[in-house]
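Structure below is protein-v4.cif: mmCIF, C-alpha atoms.
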```
data_structure
loop_
_atom_site.group_PDB
_atom_site.id
_atom_site.type_symbol
_atom_site.label_atom_id
_atom_site.label_comp_id
_atom_site.auth_asym_id
_atom_site.auth_seq_id
_atom_site.Cartn_x
_atom_site.Cartn_y
_atom_site.Cartn_z
ATOM 1 C CA MET E 1 -46.706 8.636 97.962
ATOM 2 C CA LEU E 2 -44.375 5.778 97.061
ATOM 3 C CA MET E 3 -40.758 6.501 96.228
ATOM 4 C CA PRO E 4 -39.652 5.352 92.752
ATOM 5 C CA PRO E 5 -36.871 2.736 92.834
ATOM 6 C CA PHE E 6 -33.258 3.912 92.663
ATOM 7 C CA GLU E 7 -29.831 2.674 93.730
ATOM 8 C CA LEU E 8 -28.264 4.682 96.548
ATOM 9 C CA HIS E 9 -24.472 5.079 96.615
ATOM 10 C CA HIS E 10 -22.537 6.020 99.777
ATOM 11 C CA PRO E 11 -19.014 7.241 98.922
ATOM 12 C CA THR E 12 -16.771 8.004 101.906
ATOM 13 C CA SER E 13 -14.442 10.448 100.129
ATOM 14 C CA THR E 14 -14.577 13.025 97.374
ATOM 15 C CA GLU E 15 -12.373 10.778 95.229
ATOM 16 C CA GLU E 16 -14.784 7.868 95.563
ATOM 17 C CA ALA E 17 -17.764 10.127 94.847
ATOM 18 C CA VAL E 18 -16.154 11.371 91.642
ATOM 19 C CA GLU E 19 -15.227 7.798 90.620
ATOM 20 C CA ILE E 20 -18.836 6.652 91.055
ATOM 21 C CA ALA E 21 -20.123 9.645 89.068
ATOM 22 C CA ALA E 22 -17.590 9.056 86.269
ATOM 23 C CA SER E 23 -18.462 5.355 86.110
ATOM 24 C CA LEU E 24 -22.196 6.042 85.887
ATOM 25 C CA MET E 25 -21.663 8.640 83.153
ATOM 26 C CA GLU E 26 -19.467 6.242 81.207
ATOM 27 C CA ASN E 27 -22.274 3.667 81.305
ATOM 28 C CA GLY E 28 -24.887 6.237 80.287
ATOM 29 C CA GLU E 29 -26.643 6.082 83.670
ATOM 30 C CA ALA E 30 -28.364 9.213 85.009
ATOM 31 C CA PHE E 31 -27.932 10.152 88.660
ATOM 32 C CA ASP E 32 -28.551 12.845 91.253
ATOM 33 C CA TRP E 33 -26.453 14.057 94.166
ATOM 34 C CA VAL E 34 -28.252 14.177 97.509
ATOM 35 C CA ALA E 35 -27.320 15.888 100.772
ATOM 36 C CA GLY E 36 -30.219 16.239 103.232
ATOM 37 C CA GLY E 37 -32.799 15.188 100.658
ATOM 38 C CA THR E 38 -35.518 17.634 101.709
ATOM 39 C CA ASP E 39 -35.872 18.865 98.113
ATOM 40 C CA VAL E 40 -34.751 15.922 95.986
ATOM 41 C CA LEU E 41 -36.693 13.145 97.721
ATOM 42 C CA PRO E 42 -40.116 14.897 97.831
ATOM 43 C CA ASN E 43 -39.672 15.645 94.131
ATOM 44 C CA TYR E 44 -38.957 11.967 93.506
ATOM 45 C CA LYS E 45 -42.218 11.055 95.261
ATOM 46 C CA TRP E 46 -44.016 13.435 92.892
ATOM 47 C CA ARG E 47 -42.183 11.724 89.999
ATOM 48 C CA ILE E 48 -40.419 15.000 89.196
ATOM 49 C CA ASN E 49 -37.343 14.016 87.204
ATOM 50 C CA PRO E 50 -36.319 10.899 89.206
ATOM 51 C CA LYS E 51 -33.024 9.179 88.368
ATOM 52 C CA PRO E 52 -32.074 5.478 88.653
ATOM 53 C CA HIS E 53 -29.029 6.336 90.791
ATOM 54 C CA VAL E 54 -28.551 8.712 93.729
ATOM 55 C CA ILE E 55 -25.129 9.521 95.211
ATOM 56 C CA SER E 56 -25.211 10.590 98.861
ATOM 57 C CA LEU E 57 -22.605 13.021 100.214
ATOM 58 C CA ALA E 58 -23.445 12.210 103.847
ATOM 59 C CA LYS E 59 -20.339 10.093 104.590
ATOM 60 C CA ILE E 60 -17.783 12.513 103.125
ATOM 61 C CA GLN E 61 -15.983 14.085 106.078
ATOM 62 C CA GLU E 62 -15.001 17.288 104.238
ATOM 63 C CA ALA E 63 -18.663 17.965 103.521
ATOM 64 C CA HIS E 64 -19.350 18.448 107.249
ATOM 65 C CA VAL E 65 -16.757 21.147 107.973
ATOM 66 C CA LEU E 66 -18.151 24.164 109.827
ATOM 67 C CA ASN E 67 -16.215 27.210 110.983
ATOM 68 C CA ALA E 68 -16.181 30.973 110.443
ATOM 69 C CA ASN E 69 -14.628 30.712 106.975
ATOM 70 C CA GLU E 70 -15.706 27.302 105.633
ATOM 71 C CA ILE E 71 -19.119 25.647 105.534
ATOM 72 C CA GLY E 72 -19.534 22.164 104.060
ATOM 73 C CA CYS E 73 -22.421 21.162 101.841
ATOM 74 C CA MET E 74 -23.674 18.604 104.406
ATOM 75 C CA VAL E 75 -23.973 21.090 107.284
ATOM 76 C CA PRO E 76 -27.628 21.161 108.431
ATOM 77 C CA LEU E 77 -29.288 24.565 108.446
ATOM 78 C CA ALA E 78 -30.059 24.028 112.126
ATOM 79 C CA ASP E 79 -26.288 24.133 112.806
ATOM 80 C CA LEU E 80 -25.900 27.631 111.360
ATOM 81 C CA THR E 81 -25.907 29.292 114.755
ATOM 82 C CA SER E 82 -23.887 31.918 116.587
ATOM 83 C CA GLU E 83 -22.671 29.178 118.949
ATOM 84 C CA ASN E 84 -20.947 27.598 115.944
ATOM 85 C CA ASN E 85 -19.273 30.911 115.061
ATOM 86 C CA VAL E 86 -21.447 31.412 111.980
ATOM 87 C CA HIS E 87 -21.923 34.917 110.585
ATOM 88 C CA PRO E 88 -25.071 36.573 112.051
ATOM 89 C CA LEU E 89 -26.517 37.168 108.569
ATOM 90 C CA LEU E 90 -26.374 33.450 107.765
ATOM 91 C CA VAL E 91 -27.856 32.648 111.166
ATOM 92 C CA GLU E 92 -30.736 35.029 110.436
ATOM 93 C CA ALA E 93 -31.340 33.625 106.950
ATOM 94 C CA ALA E 94 -31.169 29.966 108.001
ATOM 95 C CA ALA E 95 -33.666 30.580 110.815
ATOM 96 C CA LYS E 96 -36.201 31.768 108.221
ATOM 97 C CA VAL E 97 -36.028 28.567 106.151
ATOM 98 C CA ALA E 98 -39.001 26.201 106.422
ATOM 99 C CA SER E 99 -39.665 24.731 109.886
ATOM 100 C CA SER E 100 -37.336 23.745 112.716
ATOM 101 C CA LEU E 101 -37.838 20.062 111.911
ATOM 102 C CA ILE E 102 -36.886 20.505 108.254
ATOM 103 C CA ARG E 103 -33.856 22.639 109.187
ATOM 104 C CA MET E 104 -32.454 19.650 111.070
ATOM 105 C CA SER E 105 -32.248 17.696 107.794
ATOM 106 C CA ALA E 106 -31.968 20.398 105.121
ATOM 107 C CA THR E 107 -28.380 21.296 104.280
ATOM 108 C CA VAL E 108 -26.373 24.265 103.049
ATOM 109 C CA GLY E 109 -25.463 22.509 99.803
ATOM 110 C CA GLY E 110 -29.038 21.455 99.161
ATOM 111 C CA ASN E 111 -30.341 24.970 99.693
ATOM 112 C CA LEU E 112 -27.756 26.465 97.338
ATOM 113 C CA CYS E 113 -28.481 23.831 94.664
ATOM 114 C CA LEU E 114 -32.251 23.979 95.111
ATOM 115 C CA ASP E 115 -34.229 23.088 92.007
ATOM 116 C CA THR E 116 -36.216 25.940 90.490
ATOM 117 C CA ARG E 117 -39.944 25.885 91.158
ATOM 118 C CA CYS E 118 -43.085 26.613 89.139
ATOM 119 C CA PHE E 119 -46.841 26.067 89.458
ATOM 120 C CA TRP E 120 -46.791 24.034 86.254
ATOM 121 C CA TYR E 121 -43.853 21.860 87.267
ATOM 122 C CA ASN E 122 -44.176 21.160 91.002
ATOM 123 C CA GLN E 123 -47.297 19.053 90.689
ATOM 124 C CA SER E 124 -48.033 15.354 90.530
ATOM 125 C CA GLU E 125 -47.165 13.396 87.398
ATOM 126 C CA ASP E 126 -50.866 12.861 86.634
ATOM 127 C CA TRP E 127 -51.538 16.600 86.908
ATOM 128 C CA ARG E 128 -48.616 17.463 84.623
ATOM 129 C CA ARG E 129 -49.779 14.864 82.105
ATOM 130 C CA SER E 130 -53.307 16.297 82.162
ATOM 131 C CA ILE E 131 -52.046 19.670 80.871
ATOM 132 C CA ASP E 132 -49.840 18.044 78.219
ATOM 133 C CA TRP E 133 -46.673 18.809 80.217
ATOM 134 C CA CYS E 134 -44.586 22.004 80.155
ATOM 135 C CA HIS E 135 -41.264 23.187 78.757
ATOM 136 C CA LYS E 136 -39.277 21.986 81.799
ATOM 137 C CA ALA E 137 -40.995 18.586 82.013
ATOM 138 C CA ASP E 138 -42.006 17.945 78.418
ATOM 139 C CA CYS E 139 -41.322 14.163 78.443
ATOM 140 C CA GLY E 140 -40.041 14.446 74.898
ATOM 141 C CA THR E 141 -43.190 16.142 73.588
ATOM 142 C CA GLY E 142 -41.622 19.571 72.969
ATOM 143 C CA ALA E 143 -44.278 21.191 75.172
ATOM 144 C CA ASP E 144 -44.381 24.976 75.373
ATOM 145 C CA CYS E 145 -43.769 27.058 78.495
ATOM 146 C CA ARG E 146 -47.059 27.511 80.378
ATOM 147 C CA VAL E 147 -45.976 30.777 82.021
ATOM 148 C CA ILE E 148 -44.736 32.624 78.918
ATOM 149 C CA PRO E 149 -46.138 30.775 75.875
ATOM 150 C CA ASN E 150 -44.702 30.785 72.357
ATOM 151 C CA GLN E 151 -41.066 31.239 73.338
ATOM 152 C CA ASN E 152 -40.091 27.655 74.273
ATOM 153 C CA THR E 153 -36.400 28.545 74.537
ATOM 154 C CA LEU E 154 -36.001 29.526 78.174
ATOM 155 C CA CYS E 155 -37.521 27.997 81.300
ATOM 156 C CA VAL E 156 -38.670 30.722 83.708
ATOM 157 C CA ALA E 157 -39.118 28.488 86.774
ATOM 158 C CA THR E 158 -38.167 30.495 89.866
ATOM 159 C CA TYR E 159 -35.205 29.917 92.170
ATOM 160 C CA GLN E 160 -36.544 30.088 95.745
ATOM 161 C CA GLY E 161 -33.553 29.418 97.986
ATOM 162 C CA ASP E 162 -32.801 31.616 101.006
ATOM 163 C CA LEU E 163 -29.076 31.227 101.592
ATOM 164 C CA ALA E 164 -27.669 32.169 98.169
ATOM 165 C CA PRO E 165 -28.297 35.957 98.302
ATOM 166 C CA ASN E 166 -26.858 36.094 101.808
ATOM 167 C CA PHE E 167 -23.690 34.289 100.788
ATOM 168 C CA MET E 168 -23.494 36.632 97.796
ATOM 169 C CA VAL E 169 -23.467 39.796 99.905
ATOM 170 C CA LEU E 170 -20.724 38.268 102.064
ATOM 171 C CA ASN E 171 -18.520 37.779 98.977
ATOM 172 C CA ALA E 172 -18.560 33.991 99.386
ATOM 173 C CA SER E 173 -17.032 31.554 96.918
ATOM 174 C CA ILE E 174 -17.693 27.847 96.393
ATOM 175 C CA LEU E 175 -15.618 24.744 95.730
ATOM 176 C CA LEU E 176 -16.871 22.438 92.983
ATOM 177 C CA ILE E 177 -15.445 18.949 92.480
ATOM 178 C CA GLY E 178 -15.957 16.611 89.541
ATOM 179 C CA PRO E 179 -14.262 14.244 87.077
ATOM 180 C CA GLU E 180 -12.450 17.216 85.503
ATOM 181 C CA GLY E 181 -10.935 18.250 88.842
ATOM 182 C CA GLU E 182 -11.599 21.075 91.302
ATOM 183 C CA ARG E 183 -12.532 24.683 90.681
ATOM 184 C CA THR E 184 -13.426 27.624 92.884
ATOM 185 C CA LEU E 185 -15.654 30.488 91.790
ATOM 186 C CA PRO E 186 -17.657 33.340 93.339
ATOM 187 C CA ILE E 187 -21.086 32.137 94.339
ATOM 188 C CA ALA E 188 -22.607 34.955 92.278
ATOM 189 C CA ASP E 189 -21.193 33.210 89.166
ATOM 190 C CA PHE E 190 -22.635 29.803 90.101
ATOM 191 C CA TYR E 191 -26.181 30.382 88.844
ATOM 192 C CA GLU E 192 -27.357 30.362 85.231
ATOM 193 C CA LEU E 193 -30.432 32.199 83.968
ATOM 194 C CA ASP E 194 -32.395 29.150 82.852
ATOM 195 C CA GLY E 195 -34.872 27.303 85.039
ATOM 196 C CA MET E 196 -33.730 23.963 83.647
ATOM 197 C CA LYS E 197 -29.942 24.418 83.610
ATOM 198 C CA LYS E 198 -30.030 26.349 86.931
ATOM 199 C CA ASN E 199 -26.298 26.535 87.533
ATOM 200 C CA VAL E 200 -22.869 25.990 85.971
ATOM 201 C CA LEU E 201 -22.271 22.506 87.395
ATOM 202 C CA LEU E 202 -20.637 20.278 84.805
ATOM 203 C CA PRO E 203 -21.667 16.621 84.402
ATOM 204 C CA GLY E 204 -20.525 14.726 87.493
ATOM 205 C CA GLU E 205 -19.700 17.853 89.504
ATOM 206 C CA PHE E 206 -21.001 18.647 92.965
ATOM 207 C CA LEU E 207 -20.706 21.560 95.388
ATOM 208 C CA LEU E 208 -18.473 20.527 98.302
ATOM 209 C CA LYS E 209 -18.156 23.657 100.458
ATOM 210 C CA VAL E 210 -18.534 27.423 100.718
ATOM 211 C CA PHE E 211 -15.679 29.773 101.596
ATOM 212 C CA LEU E 212 -16.099 33.140 103.304
ATOM 213 C CA PRO E 213 -13.374 35.821 103.057
ATOM 214 C CA GLU E 214 -11.685 37.138 106.195
ATOM 215 C CA ASP E 215 -13.501 40.494 106.028
ATOM 216 C CA ALA E 216 -16.905 38.793 105.987
ATOM 217 C CA ALA E 217 -16.885 38.761 109.787
ATOM 218 C CA MET E 218 -16.729 42.572 109.791
ATOM 219 C CA ARG E 219 -19.768 42.948 107.532
ATOM 220 C CA ARG E 220 -23.128 43.865 109.009
ATOM 221 C CA GLY E 221 -26.038 42.274 107.183
ATOM 222 C CA CYS E 222 -29.802 41.951 107.078
ATOM 223 C CA TYR E 223 -32.148 39.557 105.255
ATOM 224 C CA GLN E 224 -35.800 40.367 104.545
ATOM 225 C CA LYS E 225 -38.139 37.645 103.299
ATOM 226 C CA LEU E 226 -41.655 37.723 101.875
ATOM 227 C CA ARG E 227 -43.604 34.490 102.382
ATOM 228 C CA VAL E 228 -47.184 33.362 102.711
ATOM 229 C CA ARG E 229 -46.704 31.908 106.199
ATOM 230 C CA ASP E 230 -44.125 32.757 108.863
ATOM 231 C CA SER E 231 -42.687 29.246 108.733
ATOM 232 C CA TRP E 232 -42.421 26.467 106.203
ATOM 233 C CA ASP E 233 -42.892 28.486 103.008
ATOM 234 C CA PHE E 234 -40.356 29.174 100.290
ATOM 235 C CA PRO E 235 -39.630 32.891 99.798
ATOM 236 C CA GLU E 236 -41.882 34.772 97.399
ATOM 237 C CA ALA E 237 -39.215 37.480 97.398
ATOM 238 C CA GLY E 238 -36.073 37.953 99.445
ATOM 239 C CA ILE E 239 -33.520 40.753 99.776
ATOM 240 C CA ALA E 240 -30.132 40.493 101.486
ATOM 241 C CA ALA E 241 -27.852 43.460 102.142
ATOM 242 C CA SER E 242 -24.493 43.922 103.845
ATOM 243 C CA TRP E 243 -21.721 46.481 104.199
ATOM 244 C CA LEU E 244 -18.613 47.288 106.152
ATOM 245 C CA PRO E 245 -20.114 49.865 108.570
ATOM 246 C CA GLY E 246 -19.369 53.413 107.524
ATOM 247 C CA ASN E 247 -18.130 52.418 104.061
ATOM 248 C CA PRO E 248 -20.874 52.894 101.421
ATOM 249 C CA ALA E 249 -18.528 51.604 98.687
ATOM 250 C CA SER E 250 -18.640 48.179 100.356
ATOM 251 C CA LEU E 251 -22.442 47.958 100.119
ATOM 252 C CA MET E 252 -23.843 44.792 98.498
ATOM 253 C CA VAL E 253 -27.480 43.889 97.766
ATOM 254 C CA ALA E 254 -28.827 40.596 96.403
ATOM 255 C CA SER E 255 -32.292 39.208 95.699
ATOM 256 C CA THR E 256 -33.914 35.785 95.494
ATOM 257 C CA ALA E 257 -37.231 34.226 94.428
ATOM 258 C CA LEU E 258 -37.807 36.850 91.728
ATOM 259 C CA GLU E 259 -36.413 35.016 88.682
ATOM 260 C CA SER E 260 -34.570 31.837 87.723
ATOM 261 C CA ILE E 261 -31.458 32.879 89.646
ATOM 262 C CA PRO E 262 -30.585 34.739 92.833
ATOM 263 C CA ARG E 263 -29.078 38.019 91.668
ATOM 264 C CA LEU E 264 -26.382 40.330 92.994
ATOM 265 C CA HIS E 265 -27.439 43.937 92.247
ATOM 266 C CA THR E 266 -23.975 45.380 91.704
ATOM 267 C CA LYS E 267 -24.932 47.758 88.894
ATOM 268 C CA GLU E 268 -27.880 49.239 90.767
ATOM 269 C CA VAL E 269 -25.724 49.866 93.842
ATOM 270 C CA GLU E 270 -22.859 51.379 91.824
ATOM 271 C CA ASP E 271 -25.172 53.646 89.808
ATOM 272 C CA HIS E 272 -26.869 54.824 92.987
ATOM 273 C CA LEU E 273 -23.623 55.611 94.814
ATOM 274 C CA GLU E 274 -22.203 57.432 91.786
ATOM 275 C CA ALA E 275 -25.300 59.634 91.669
ATOM 276 C CA GLY E 276 -24.905 60.923 95.210
ATOM 277 C CA GLU E 277 -25.247 60.002 98.878
ATOM 278 C CA PHE E 278 -26.449 56.631 100.127
ATOM 279 C CA ASP E 279 -30.263 56.875 100.245
ATOM 280 C CA PRO E 280 -32.010 53.576 101.180
ATOM 281 C CA ILE E 281 -35.339 54.591 99.638
ATOM 282 C CA ALA E 282 -33.840 55.692 96.323
ATOM 283 C CA LEU E 283 -31.720 52.549 96.072
ATOM 284 C CA ALA E 284 -34.725 50.387 96.935
ATOM 285 C CA LYS E 285 -36.563 51.879 93.943
ATOM 286 C CA LYS E 286 -33.619 51.052 91.649
ATOM 287 C CA VAL E 287 -33.562 47.435 92.799
ATOM 288 C CA GLN E 288 -37.331 47.208 92.336
ATOM 289 C CA LYS E 289 -37.080 48.433 88.742
ATOM 290 C CA SER E 290 -34.457 45.813 87.912
ATOM 291 C CA VAL E 291 -36.541 42.736 88.787
ATOM 292 C CA LYS E 292 -39.250 41.108 86.666
ATOM 293 C CA PRO E 293 -41.008 38.269 88.519
ATOM 294 C CA VAL E 294 -43.372 36.040 86.549
ATOM 295 C CA ASN E 295 -46.674 34.404 87.437
ATOM 296 C CA ASN E 296 -45.528 30.992 88.666
ATOM 297 C CA THR E 297 -45.472 31.224 92.474
ATOM 298 C CA ALA E 298 -48.113 31.650 95.180
ATOM 299 C CA LEU E 299 -48.278 35.462 95.125
ATOM 300 C CA PRO E 300 -48.933 37.540 91.970
ATOM 301 C CA PRO E 301 -45.920 39.142 90.221
ATOM 302 C CA ARG E 302 -47.162 42.716 90.668
ATOM 303 C CA TYR E 303 -47.408 42.315 94.433
ATOM 304 C CA ARG E 304 -44.029 40.568 94.713
ATOM 305 C CA ARG E 305 -42.378 43.313 92.666
ATOM 306 C CA SER E 306 -44.013 46.063 94.728
ATOM 307 C CA MET E 307 -42.743 44.381 97.898
ATOM 308 C CA VAL E 308 -39.152 44.389 96.605
ATOM 309 C CA LYS E 309 -38.929 48.112 97.353
ATOM 310 C CA THR E 310 -40.204 47.556 100.893
ATOM 311 C CA LEU E 311 -37.928 44.576 101.546
ATOM 312 C CA THR E 312 -34.874 46.387 100.171
ATOM 313 C CA LYS E 313 -35.577 49.498 102.239
ATOM 314 C CA ARG E 314 -35.975 47.376 105.387
ATOM 315 C CA ALA E 315 -32.762 45.464 104.688
ATOM 316 C CA LEU E 316 -30.792 48.662 104.072
ATOM 317 C CA LEU E 317 -32.169 50.335 107.180
ATOM 318 C CA GLY E 318 -31.387 47.121 109.067
ATOM 319 C CA ILE E 319 -27.678 47.338 108.290
ATOM 320 C CA LEU E 320 -27.609 50.997 109.351
ATOM 321 C CA GLU E 321 -28.901 50.269 112.858
#
```
Written as structure tokens, that's how I'd like the structure from this file.
Amino acid sequence: MLMPPFELHHPTSTEEAVEIAASLMENGEAFDWVAGGTDVLPNYKWRINPKPHVISLAKIQEAHVLNANEIGCMVPLADLTSENNVHPLLVEAAAKVASSLIRMSATVGGNLCLDTRCFWYNQSEDWRRSIDWCHKADCGTGADCRVIPNQNTLCVATYQGDLAPNFMVLNASILLIGPEGERTLPIADFYELDGMKKNVLLPGEFLLKVFLPEDAAMRRGCYQKLRVRDSWDFPEAGIAASWLPGNPASLMVASTALESIPRLHTKEVEDHLEAGEFDPIALAKKVQKSVKPVNNTALPPRYRRSMVKTLTKRALLGILE
């Protein structure tokens, strides 16, 4: 399919990137940020929300940093390896993303900022027009949500990124940069429960890098992913877990591909530990009860929800080995 026309900008510093973004906003011009482009550019070919301007982060040196405690947004998933001193949990998660060829282009920042997905949205423009659009892509028609009709206030498109829950259970934080300056926040606070808004990025802001705390290296983690095929596919459900070995109070569990955001299950873990000893099966049931997938991905919601218990149990047993 042909790519729609757009102007590509190549800033060489964060300051220049912010200046370009501010200038475009001042002139009322819409734009997208692009890192590896493995999500944005295919969507453009499908005419899914294309913009007249695209700002590439590829030439910003800070965006390529990679060490045990900092990972830039432009780091390819293929570079998340033990040889590069990357945490084993992130190595495991990155290896389960798509195919080896895609991992050479797909980036950490792109995976964290992945657009939410839905059967009714991720289709060709002609197909979407034939059903009179949907709430996320209504083209000004005020179309209703096709997944949960008659609510038309919240988009329930599903977030299907792999890295976010794994960064969450490692207590990672992120650096955002925009016209209003810099800010750092826990990655668990980055996502917003709305398939259209997706995250807390302000106009002109972009995610520059991820920070890992010093004790992340001591955490043992495991990531379990449900997908239709062993390679290529987005997760239909994913569970990440980590802890400081021997310290149940440090236990963290997060999920992905079950709603519009990846979610850190702090309450479920705390309630379980307060009730008694650490029991992987009992905790897996609590996590399962807390999720409510909807019918907008390849596998039916009932099956995905039933598999959450299995994935959580496997992840928890994995960190105990």
- Would you mind listing what lies within 10 Å of Ile20 (chain E) as a list in words, with only C-alpha atoms counted and same-chain residues fewer than 5 positions away left out?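 In the requested form, the answer reads His9, His10, Pro11, Thr14, Glu15, Met25, Glu26, Ile55, Pro179 and Gly204 of chain E.
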- Task: Tell me which protein, DNA and RNA residues are within 8 Å of Ile187 (chain E), counting all atoms listed in the file, leaving out same-chain ones fewer than 2 positions away, and put them as a list in words.
- Result: Ala164, Phe167, Met168, Asn171, Ala172, Ser173, Ile174, Leu185, Asp189, Phe190 and Tyr191 of chain E
Serialized selection, C-alpha atoms, as a PDB file, in the coordinates of the input:
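Contents of the output file out-v2.pdb:
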```pdb
ATOM      1  CA  ALA E 164     -27.669  32.169  98.169  1.00  0.00           C
ATOM      2  CA  PHE E 167     -23.690  34.289 100.788  1.00  0.00           C
ATOM      3  CA  MET E 168     -23.494  36.632  97.796  1.00  0.00           C
ATOM      4  CA  ASN E 171     -18.520  37.779  98.977  1.00  0.00           C
ATOM      5  CA  ALA E 172     -18.560  33.991  99.386  1.00  0.00           C
ATOM      6  CA  SER E 173     -17.032  31.554  96.918  1.00  0.00           C
ATOM      7  CA  ILE E 174     -17.693  27.847  96.393  1.00  0.00           C
ATOM      8  CA  LEU E 185     -15.654  30.488  91.790  1.00  0.00           C
ATOM      9  CA  ASP E 189     -21.193  33.210  89.166  1.00  0.00           C
ATOM     10  CA  PHE E 190     -22.635  29.803  90.101  1.00  0.00           C
ATOM     11  CA  TYR E 191     -26.181  30.382  88.844  1.00  0.00           C
TER      12      TYR E 191
END
```
- Message: At a cut-off of 8 Å, using all atoms listed in the file, what residues contact region 134-143 of chain E? Leave out same-chain residues fewer than 4 positions from it and give the result as a ChimeraX atom specification.
- Response: /E:49,120-121,128,152,155,195-196
- Suppose you want the space between CA of Glu92 (chain E) and CA of Leu163 (chain E); what is it in Å?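 It comes out at 9.8 Å.
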- Task: Can you give me, as a ChimeraX atom specification, the residues this file yields under the PyMOL selection byres ((chain E and resi 7) around 7)?
- Result: /E:6,8-9,52-54
- Top pick for closest residue to Leu112 (chain E), considering E:Ala240, E:Met74, E:Ile281, E:Leu2 and counting only C-alpha atoms: E:Met74
- What does the PyMOL selection byres ((chain E and resi 148) around 12) select in this file, as a list in words?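 Selected by the PyMOL selection byres ((chain E and resi 148) around 12) in this file: Cys118, Trp120, Cys134, His135, Asp144, Cys145, Arg146, Val147, Pro149, Asn150, Gln151, Asn152, Thr153, Leu154, Cys155, Val156, Ala157, Pro293, Val294, Asn295 and Asn296 of chain E.
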- Item | Pick from E:Val91, E:Lys45, E:Ile71, E:Met252 nearest to Lys267 (chain E), counting only C-alpha atoms |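 Nearest candidate to Lys267 (chain E) out of E:Val91, E:Lys45, E:Ile71, E:Met252: E:Met252.
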- Between CA of Gly246 (chain E) and CA of Ala315 (chain E), distance in Å (one decimal): 15.8 Å
- Query: What does the PyMOL selection byres ((chain E and resi 110) around 10) select in this file, as a PyMOL selection string?
  - Reply: chain E and resi 33-40+73-77+105-109+111-115+161+207
Region 55-58 of chain E, all listed atoms, 3 Å padding on each side: what axis-aligned box centre and edge lengths in Å to one decimal come out, as lines of an AutoDock Vina configuration file?
```
center_x = -23.9
center_y = 11.3
center_z = 99.5
size_x = 8.6
size_y = 9.5
size_z = 14.6
```
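With distances taken over all atoms listed in the file, E:Gly221 is the one residue among E:Pro42, E:Gly238, E:Pro300, E:Gly221 lying closest to Leu251 (chain E).
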- Message: What's around Arg314 (chain E) at 10 Å? Count all atoms listed in the file, leave out sequence neighbours fewer than 6 positions away in its own chain, and write the answer as a list of chain:residue names.
- Response: E:Cys222, E:Tyr223, E:Gln224, E:Ile239, E:Ala240, E:Ala241, E:Pro280, E:Ile281, E:Ala284, E:Val308, E:Leu320
- Query: Separation of CA of Glu70 (chain E) and CA of Pro245 (chain E), in Å?
  - Reply: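 Computed distance, CA of Glu70 (chain E) to CA of Pro245 (chain E), equals 23.2 Å.
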- Nearest to Pro262 (chain E) by atom-to-atom distance, counting all atoms listed in the file, from E:Leu283, E:Ala98, E:Leu193, E:Ala298: E:Leu193
- With distances taken over all atoms listed in the file, the candidate from E:Gln61, E:Asp194, E:Thr116, E:Ile102 nearest Ser231 (chain E) is E:Ile102
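Surrounding residues of (-18.1, 44.8, 106.7) at most 6 Å away are Met218, Arg219, Arg220, Trp243, Leu244 and Pro245 of chain E (based on only C-alpha atoms).
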